[in-house]
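For reference, the structure is listed below as structure tokens.
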Amino acid sequence: MSGRIGFNLLQVLVVMAFAPLVSGVTSRLKEMVQSKRGPSVFQPYRDLWKLFHKDEIVSHDSSWIFRFTPYIVFIAPVFVALLIPVLTSYPLFFAFMGDMLGAGFVLALAGFFAALAAVDTANPYGPMGASRTRMVGFLAEPVFMIVFFTVSFVAGSTIPYIVQQKWVTPAANFFAPSHVLLLLAFILLILAEGGRIPVDNPTGHFELAMIDESKSLEYSGQGFALIKWGGQMKFFVLLCVFLNVLLIPWGLAQRQDLAAVLLAVPLVLLKVFCFVLVLVVIESSLAKLRLFRIVEFLGAAFVTSVAAMIAQVFAA
Amino acid sequence: MSATTRQLVENLNALATGLFLLTAFGIVGTRQARGCLQLFIAQSLLLAASAGLLGLQFHSQHLYGVMLVNLITKPVIVPWLLRRTAPVEIYTRREIDQVLNIPTALSIALALAIGAYFLGVPLTQALPPEYHGPNVPIGIAGLFLGALTLTVRREALPLLLGLLAMENGAFLAGISIARDLTMLVELAIATDGLIIVFIVGVLVRAVEQHVGTTAVGALASLKEAAPHAEREVTP
């Protein structure tokens with residue numbers, strides 16, 4: 001019992017510790033593709049350290065929402081990390097609390113508060129970014145839903161630990177059309193939700209073109225650090241859902257001992273690194289879409305997910 | 001063939017047809033003429049893959065023949081012919097015109113695909129179990145989506161690709177039902193397709209030289225050509 005709680009906390013620690021690294025590695029690799037040297041892969045840690053030691057400035061006219069939002073944005077991915085398989089292929093102590101839909105709702109709650117906080121400060125760029133994020137969000141929502149419906153058609157459940165075994169027993173299931181189409185749709189979703197090219201430019205500094213970044217423009221010091229770290233953890237958690245639940249449960253700990261769980265850490269990081277390579281190729285070869293083209297991008301994701309669903313529903 | 005290999009081949013065929021459906025959606029929804037052509041090439045490759053996998057599954061020589069014909073004509077000769085006859089259309093234009101905007105077209109396409117399943121699945125259920133498979137419903141969906149492309153596009157080249165996509169869809173459904181079609185039929189269809197591409201390519205070029213555009217959707221109403229008349233009057 002206590003071991004399972006321990007593994008669960010270890011899982012959360014892994015998410016907290018390695019999420020900034022993923023962001024650092026991604027930006028370093030992108031710079032390398034552009035023939036630049038780029039900052040160190042540990043730069044996100046240094047940024048967080050610096051921000052935690054700075055003063056925070058809060059506007060007089062903002063309400064409690066502005067002050068609470070960084071904590072919610074930070075806690076939501078940590079909470080989700082308790083529910084999903086990050087390191088183990090068997091459910092851990094807190095996994096009973098929610099399935100994948102529940103995890104999606106928790107992440108959506110954080111997004112909701114971030115949007116409210118952006119409106120709260122009356123900075124003109126904040127509400128603009130918030131409304132754009134909501135636009136991307138409500139277009140991504142149906143895709144999420146259909147992906148989870150398809151998953152529940154296939155596995156008869158939305159509990160991630162049951163779902164991940166379905167794709168590999170028997171191994172030919174991996175090539176089922178519903179599975180591959182689902183993966184494609186989810187990759188498009190990760191790009192949209194993570195604020196990545198072609199939907200949003202994560203390295204852009206031009207306020208008028210920002211989507212995801214502009215929500216945190218008014219934050220400074222600790223609040224900003226928490227929001228940044230929370231965003232990196234959200235991306236890491238989405239990657240874990242994609243790589244461990246939807247793609248293939250390879251590399252996860254099968255046995256309930258510390259050695260197996262610790263061994264799973266580098267294996268999972270290796271998987272994440274492979275995904276980051278794919279992400280860098282996508283980000284380096286595409287241009288950012290104009291705002292109203294995002295509808296078409298997420299429309300493509302929606303069509304893909306519905307194709308996955310009908311392939312599954314009518315397959316029998 | 002062992003049971004696991006058999007299931008793997010079946011699943012790979014289903015995957016090829018699933019991706020085929022996706023490329024059909026892509027041909028309806030892409031903005032670039034070149035992207036349209038690339039998606040069509042991908043679709044033809046997937047069709048060939050499906051034919052090959054079905055041939056493997058049912059030990060049919062004819063399906064290997066279909067695969068070969070498809071591999072040679074559509075991904076290689078069709079782009080080559082288009083490059084020779086209408087290069088401007090494919091390689092220099094960026095965005096192409098649509099009657100409907102893309103999200104609307106895609107929603108209609110989705111409804112058509114679901115309709116194709118409702119049509120195709122009962123059809124295959126009436127056949128013996130070895131004919132059950134995703135080929136027939138997805139083939140019908142490919143047919144419908146090609147027809148949709150013909151309706152929503154305004155330009156000559158995407159119209160041609162819509163026509164060829166319809167043919168691909170019909171083929172995909174056909175290879176799973178008629179596995180031992182005579183080779184002659186396949187060859188005849190393939191050459192027909194090439195002749196269509198050639199004629200439309202030449203036509204596109206002629207239209208482009210005369211009118212200056214290939215947005216044939218805008219040429220629906222005939223008018224007296226005022227600019228030409230003026231030019232003749234002013235010596």
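By order of appearance in the structure tokens: chains A, B, ..., then residues from 1 within every chain, and ligands from 1 in the order shown.
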For chain A, which residues have at least one atom within 7 Å of chain B, if we go by only C-alpha atoms? Write them as a list of chain:residue names, please.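 Selected residues: A:Ala172, A:Phe175, A:Ala176, A:Pro177, A:Glu296, A:Gly299, A:Val303, A:Thr304, A:Ala315.
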Go ahead and dump the residues you just picked, N, CA and C atoms, as an mmCIF file, in the first residue's frame.
data_model
loop_
_atom_site.group_PDB
_atom_site.id
_atom_site.type_symbol
_atom_site.label_atom_id
_atom_site.label_comp_id
_atom_site.auth_asym_id
_atom_site.auth_seq_id
_atom_site.Cartn_x
_atom_site.Cartn_y
_atom_site.Cartn_z
ATOM 1 N N ALA A 172 -1.237 -7.539 -33.592
ATOM 2 C CA ALA A 172 -1.781 -7.021 -34.857
ATOM 3 C C ALA A 172 -2.731 -5.861 -34.618
ATOM 4 N N PHE A 175 -2.014 -2.178 -35.640
ATOM 5 C CA PHE A 175 -2.203 -1.642 -36.982
ATOM 6 C C PHE A 175 -3.664 -1.459 -37.337
ATOM 7 N N ALA A 176 -4.551 -1.637 -36.367
ATOM 8 C CA ALA A 176 -5.966 -1.410 -36.655
ATOM 9 C C ALA A 176 -6.150 0.029 -37.125
ATOM 10 N N PRO A 177 -6.978 0.253 -38.163
ATOM 11 C CA PRO A 177 -7.091 1.615 -38.697
ATOM 12 C C PRO A 177 -7.549 2.618 -37.650
ATOM 13 N N GLU A 296 -9.420 25.193 -40.110
ATOM 14 C CA GLU A 296 -9.224 24.097 -41.054
ATOM 15 C C GLU A 296 -8.309 23.026 -40.474
ATOM 16 N N GLY A 299 -10.285 21.211 -38.101
ATOM 17 C CA GLY A 299 -11.270 20.463 -38.889
ATOM 18 C C GLY A 299 -10.664 19.179 -39.413
ATOM 19 N N VAL A 303 -12.004 15.451 -38.656
ATOM 20 C CA VAL A 303 -12.319 14.462 -39.693
ATOM 21 C C VAL A 303 -11.547 13.171 -39.439
ATOM 22 N N THR A 304 -10.263 13.320 -39.073
ATOM 23 C CA THR A 304 -9.449 12.134 -38.808
ATOM 24 C C THR A 304 -10.030 11.319 -37.659
ATOM 25 N N ALA A 315 -16.551 -1.766 -38.120
ATOM 26 C CA ALA A 315 -15.620 -2.856 -38.421
ATOM 27 C C ALA A 315 -16.237 -4.210 -38.105
#
I want to know what sits within 10 Å of region 43-53 of chain B, based on only C-alpha atoms, with residues of the same chain fewer than 2 positions away left out; could you give that as a PyMOL selection string? chain B and resi 9-24+26-27+37-41+55-75+135+139+142+164-165+168-169+171-176+179
Write out as a PyMOL selection string which residues come within 9 Å of Gln165 (chain A) when counting only C-alpha atoms, dropping same-chain ones fewer than 5 positions away. chain A and resi 89+155+160+245+248-249
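Each of A:Asn123, A:Trp167, A:Val280, A:Arg46 was checked against Glu31 (chain A) using only C-alpha atoms; the smallest atom-to-atom distance is that of A:Val280.
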May I have the residues within 7 Å of region 54-64 of chain A as a compact mmCIF listing (two decimals) with C-alpha atoms, in the first residue's frame, using only C-alpha atoms and disregarding those fewer than 2 positions away in the same chain?
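Just written: result_27.txt:
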# COMPACT_ATOMS: atom_id res chain seq x y z
CA LYS A 50 15.45 33.18 -11.50
CA LEU A 51 11.71 33.85 -11.52
CA PHE A 52 11.18 32.25 -8.12
CA PHE A 66 -5.52 36.68 -10.82
CA ARG A 67 -3.78 35.66 -7.61
CA PHE A 68 -5.13 32.12 -7.46
CA ASP A 120 -9.05 40.08 -15.18
CA THR A 121 -6.07 42.43 -15.57
CA SER A 220 5.83 38.26 -12.92
CA GLY A 221 8.02 36.57 -10.35
CA GLN A 222 6.67 33.48 -8.63
If we count only C-alpha atoms and set the cut-off at 9 Å, which residues sit around Ser27 (chain A), ignoring sequence neighbours fewer than 6 positions away in its own chain? Please answer as number ranges by chain. A: 38-39, 41, 203, 280
Based on the selection just made, write C-alpha atoms of those residues as a PDB file, in the first residue's frame.
ATOM      1  CA  GLY A  38      20.839  27.779 -28.967  1.00  0.00           C
ATOM      2  CA  PRO A  39      20.574  27.985 -25.188  1.00  0.00           C
ATOM      3  CA  VAL A  41      18.919  22.374 -22.457  1.00  0.00           C
ATOM      4  CA  THR A 203       8.974  31.406 -29.315  1.00  0.00           C
ATOM      5  CA  VAL A 280      11.028  19.356 -34.104  1.00  0.00           C
TER       6      VAL A 280
END
For Gly104 (chain A), please output as a list in words all residues within 9 Å (counting only C-alpha atoms; exclusion window: fewer than 4 positions along the same chain). Val80, Asp99, Met100, Ala108, Leu109 and Phe144 of chain A
Would you save the residues from that selection as a JSON list (two decimals), in the first residue's frame, using C-alpha atoms?
[["chain", "number", "residue", "atom", "x", "y", "z"],
["A", 80, "VAL", "CA", -3.50, 14.53, -13.61],
["A", 99, "ASP", "CA", -10.30, 8.23, -16.01],
["A", 100, "MET", "CA", -9.03, 9.99, -19.14],
["A", 108, "ALA", "CA", -9.71, 22.20, -18.97],
["A", 109, "LEU", "CA", -10.34, 23.75, -15.53],
["A", 144, "PHE", "CA", -10.90, 15.12, -27.73]]
